[in-house]
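*Asks:* Quick one: the structure is below, and I'll ask about it shortly.
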Amino acid sequence: MAPQVGVLAIQGSFQKHIESLIRAGHPADQIYEVRTPKDLSQVDRLIIPGGESTTVGLLMQHTGLDQTIVERAHQGMPIWGTCMGMIMLARTVENREQFSLNLLNITVRRNAFGAQVHSFETKLAVVGLVDPIEAVFIRAPIVTEHGPEVQVLSTFNDQIVAVQHNKILGTSFHPELTTDTQLHRYFLNL
Ligand code: GLN
């Protein structure tokens, strides 16, 4: 049976991930919007979308989702964070006190490519994918430090923009804003 995939739906671009999962061939009735710990208990894996990391951090703590996500991750649940989602997975956010889940041994720098007007789209080679992926960067973070156990899956101009450790995946960019479903399929197979 197909895994039950949850998309964190507190804030941000969760609807686009749902559309990408369907485009990737995942049955629509096996995709859930996750807003509470109870929603999370119904899924086998989780996508944390792009959005605003300070807002989502506060709302996660408010709903108790922070603790339940961490517990499930420690039990082996695959999680993929895109953009804001990768910030949430990080151990440390550079230059500020900010809540994060500490599920990936990485330090991230927010808005590393500048403001919204500096958003861009490019083709990126990613370890584990057959073809270069279409990647959209919107006020995207980069990984500035990582533990030796963290695998770098992709770089752009020598900046680290995709990482993985076991079943936790982080990408600076938004594949869900393109029609390219390679990373969604990769995540579904983790
Ligand atoms: N700049 C946002 C943040 O730091 C992330 C942007 C995004 O997810 N597209 O929270």
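Chain identifiers are assigned as A, B, and so on, following the order in which chains appear in the structure tokens; residues are numbered from 1 within each chain, and ligands are numbered from 1 in order of appearance.
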Could you pull out the helix (DSSP H, G or I) residues of stretch 50-100 of chain A from DSSP and send them as a ChimeraX atom specification?

*Replies:* /A:53-63,65-74,84-89

*Asks:* Got a sec to check which residues lie within 12 Å of ligand 1, using only C-alpha atoms and all ligand atoms, and send them as an MDAnalysis selection string?

*Replies:* chainID A and resid 11:14 48:58 81:90 93:94 96 98:100 108:116 118:120 135:142 170:177

*Asks:* Go ahead and save the residues from that selection, with C-alpha atoms, as a PDB file, in the first residue's frame.

*Replies:*
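again.pdb, written as the output of this step:
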```pdb
ATOM      1  CA  GLN A  11       1.405  28.161   6.698  1.00  0.00           C
ATOM      2  CA  GLY A  12       3.215  28.407   3.359  1.00  0.00           C
ATOM      3  CA  SER A  13       3.218  26.543   0.035  1.00  0.00           C
ATOM      4  CA  PHE A  14       1.719  23.228   1.171  1.00  0.00           C
ATOM      5  CA  ILE A  48       7.551  20.659   5.651  1.00  0.00           C
ATOM      6  CA  PRO A  49       6.983  23.245   2.887  1.00  0.00           C
ATOM      7  CA  GLY A  50       8.342  26.712   2.217  1.00  0.00           C
ATOM      8  CA  GLY A  51       6.956  29.610   4.207  1.00  0.00           C
ATOM      9  CA  GLU A  52       8.120  31.814   7.052  1.00  0.00           C
ATOM     10  CA  SER A  53      10.272  30.011   9.600  1.00  0.00           C
ATOM     11  CA  THR A  54       9.742  32.271  12.620  1.00  0.00           C
ATOM     12  CA  THR A  55       5.942  32.050  12.259  1.00  0.00           C
ATOM     13  CA  VAL A  56       5.912  28.301  11.694  1.00  0.00           C
ATOM     14  CA  GLY A  57       8.333  27.729  14.589  1.00  0.00           C
ATOM     15  CA  LEU A  58       6.001  29.576  16.962  1.00  0.00           C
ATOM     16  CA  GLY A  81      11.945  20.157   4.411  1.00  0.00           C
ATOM     17  CA  THR A  82      11.961  22.574   1.467  1.00  0.00           C
ATOM     18  CA  CYS A  83      13.294  26.095   2.023  1.00  0.00           C
ATOM     19  CA  MET A  84      11.612  27.184   5.307  1.00  0.00           C
ATOM     20  CA  GLY A  85      11.215  23.453   5.964  1.00  0.00           C
ATOM     21  CA  MET A  86      14.974  22.950   5.800  1.00  0.00           C
ATOM     22  CA  ILE A  87      15.425  25.843   8.260  1.00  0.00           C
ATOM     23  CA  MET A  88      13.027  24.072  10.645  1.00  0.00           C
ATOM     24  CA  LEU A  89      15.048  20.831  10.414  1.00  0.00           C
ATOM     25  CA  ALA A  90      18.373  22.530  11.174  1.00  0.00           C
ATOM     26  CA  VAL A  93      20.101  29.135  12.432  1.00  0.00           C
ATOM     27  CA  GLU A  94      23.046  31.472  11.809  1.00  0.00           C
ATOM     28  CA  ARG A  96      20.038  34.563  15.576  1.00  0.00           C
ATOM     29  CA  GLN A  98      15.441  31.001  16.509  1.00  0.00           C
ATOM     30  CA  PHE A  99      13.473  27.848  17.187  1.00  0.00           C
ATOM     31  CA  SER A 100      14.323  24.827  15.031  1.00  0.00           C
ATOM     32  CA  VAL A 108      21.626  27.383   7.894  1.00  0.00           C
ATOM     33  CA  ARG A 109      21.827  30.984   6.780  1.00  0.00           C
ATOM     34  CA  ARG A 110      18.399  32.437   6.018  1.00  0.00           C
ATOM     35  CA  ASN A 111      17.751  34.558   2.917  1.00  0.00           C
ATOM     36  CA  ALA A 112      21.263  33.741   1.702  1.00  0.00           C
ATOM     37  CA  PHE A 113      20.625  34.862  -1.881  1.00  0.00           C
ATOM     38  CA  GLY A 114      19.028  38.206  -0.977  1.00  0.00           C
ATOM     39  CA  ALA A 115      15.468  39.458  -1.059  1.00  0.00           C
ATOM     40  CA  GLN A 116      12.366  38.267  -2.894  1.00  0.00           C
ATOM     41  CA  HIS A 118      16.492  38.058  -6.200  1.00  0.00           C
ATOM     42  CA  SER A 119      14.457  34.884  -6.575  1.00  0.00           C
ATOM     43  CA  PHE A 120      15.588  32.708  -9.482  1.00  0.00           C
ATOM     44  CA  ALA A 135      14.889  24.377  -8.906  1.00  0.00           C
ATOM     45  CA  VAL A 136      13.177  27.590  -7.794  1.00  0.00           C
ATOM     46  CA  PHE A 137      14.922  29.661  -5.096  1.00  0.00           C
ATOM     47  CA  ILE A 138      12.765  32.174  -3.174  1.00  0.00           C
ATOM     48  CA  ARG A 139      14.512  33.979  -0.305  1.00  0.00           C
ATOM     49  CA  ALA A 140      16.273  30.660   0.081  1.00  0.00           C
ATOM     50  CA  PRO A 141      18.590  29.490   2.871  1.00  0.00           C
ATOM     51  CA  ILE A 142      21.944  27.750   2.382  1.00  0.00           C
ATOM     52  CA  GLY A 170      16.544  19.224   3.265  1.00  0.00           C
ATOM     53  CA  THR A 171      16.507  21.368   0.115  1.00  0.00           C
ATOM     54  CA  SER A 172      16.955  25.142  -0.141  1.00  0.00           C
ATOM     55  CA  PHE A 173      14.784  25.305  -3.215  1.00  0.00           C
ATOM     56  CA  HIS A 174      11.174  24.560  -4.209  1.00  0.00           C
ATOM     57  CA  PRO A 175      10.709  21.661  -6.655  1.00  0.00           C
ATOM     58  CA  GLU A 176       6.962  21.830  -5.948  1.00  0.00           C
ATOM     59  CA  LEU A 177       6.735  25.086  -7.924  1.00  0.00           C
TER      60      LEU A 177
END
```

*Asks:* Skip A:Val5 itself and residues of its chain fewer than 5 positions away, then list as a VMD selection string all residues within 8 Å of it, counting only C-alpha atoms.

*Replies:* chain A and resid 30 to 32 43 to 47

*Asks:* Might you pull out every residue within 8 Å of A:Ala9, with only C-alpha atoms counted and same-chain residues fewer than 5 positions away left off, and present them as a compact mmCIF listing (two decimals) with N, CA and C atoms, in the first residue's frame?

*Replies:*
```txt
# COMPACT_ATOMS: atom_id res chain seq x y z
N PHE A 14 2.02 24.65 1.04
CA PHE A 14 1.72 23.23 1.17
C PHE A 14 0.86 22.68 0.04
N GLU A 33 -3.24 16.84 5.05
CA GLU A 33 -2.75 18.12 5.56
C GLU A 33 -2.56 17.95 7.07
N VAL A 34 -1.36 18.29 7.55
CA VAL A 34 -1.04 18.09 8.96
C VAL A 34 -1.02 19.44 9.68
N ARG A 35 -1.90 19.57 10.69
CA ARG A 35 -1.94 20.81 11.49
C ARG A 35 -1.80 20.54 12.98
```

*Asks:* Please list as a ChimeraX atom specification every residue within 7 Å of stretch 63-70 of chain A, counting only C-alpha atoms and excluding residues in the same chain fewer than 5 positions away.

*Replies:* /A:36-37,101

*Asks:* I need the chosen residues saved as a short mmCIF file (atom, residue, chain, number, x, y, z; two decimals), in the first residue's frame, with all heavy atoms.

*Replies:*
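File written: out_30.cif
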```
data_model
loop_
_atom_site.label_atom_id
_atom_site.label_comp_id
_atom_site.auth_asym_id
_atom_site.auth_seq_id
_atom_site.Cartn_x
_atom_site.Cartn_y
_atom_site.Cartn_z
N THR A 36 -2.03 19.30 13.39
CA THR A 36 -2.02 18.97 14.83
C THR A 36 -1.24 17.67 15.04
O THR A 36 -1.03 16.90 14.09
CB THR A 36 -3.47 18.72 15.32
OG1 THR A 36 -3.98 17.58 14.62
CG2 THR A 36 -4.37 19.92 15.09
N PRO A 37 -0.85 17.41 16.30
CA PRO A 37 -0.20 16.13 16.59
C PRO A 37 -1.07 14.93 16.17
O PRO A 37 -0.56 13.92 15.71
CB PRO A 37 -0.01 16.18 18.11
CG PRO A 37 0.16 17.64 18.41
CD PRO A 37 -0.81 18.31 17.48
N LEU A 101 14.02 22.42 14.86
CA LEU A 101 13.76 21.08 15.39
C LEU A 101 15.02 20.27 15.69
O LEU A 101 14.95 19.24 16.36
CB LEU A 101 12.88 20.30 14.39
CG LEU A 101 11.48 20.87 14.15
CD1 LEU A 101 10.87 20.25 12.89
CD2 LEU A 101 10.58 20.62 15.34
#
```

*Asks:* Chain A: which residues are strand (DSSP E or B) by DSSP, as a ChimeraX atom specification?

*Replies:* /A:5-8,31-34,45-48,79-82,90-93,104-109,120-124,133-137,142-146,151-156,159-165,168-171,174

*Asks:* Go through A:Gly6, A:Leu153, A:His62, A:His146 one by one, measure the shortest atom-to-atom distance of each to A:Ile18 using only C-alpha atoms, and give the residue with the smallest value.

*Replies:*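 The answer is A:Gly6, which sits nearest to A:Ile18.
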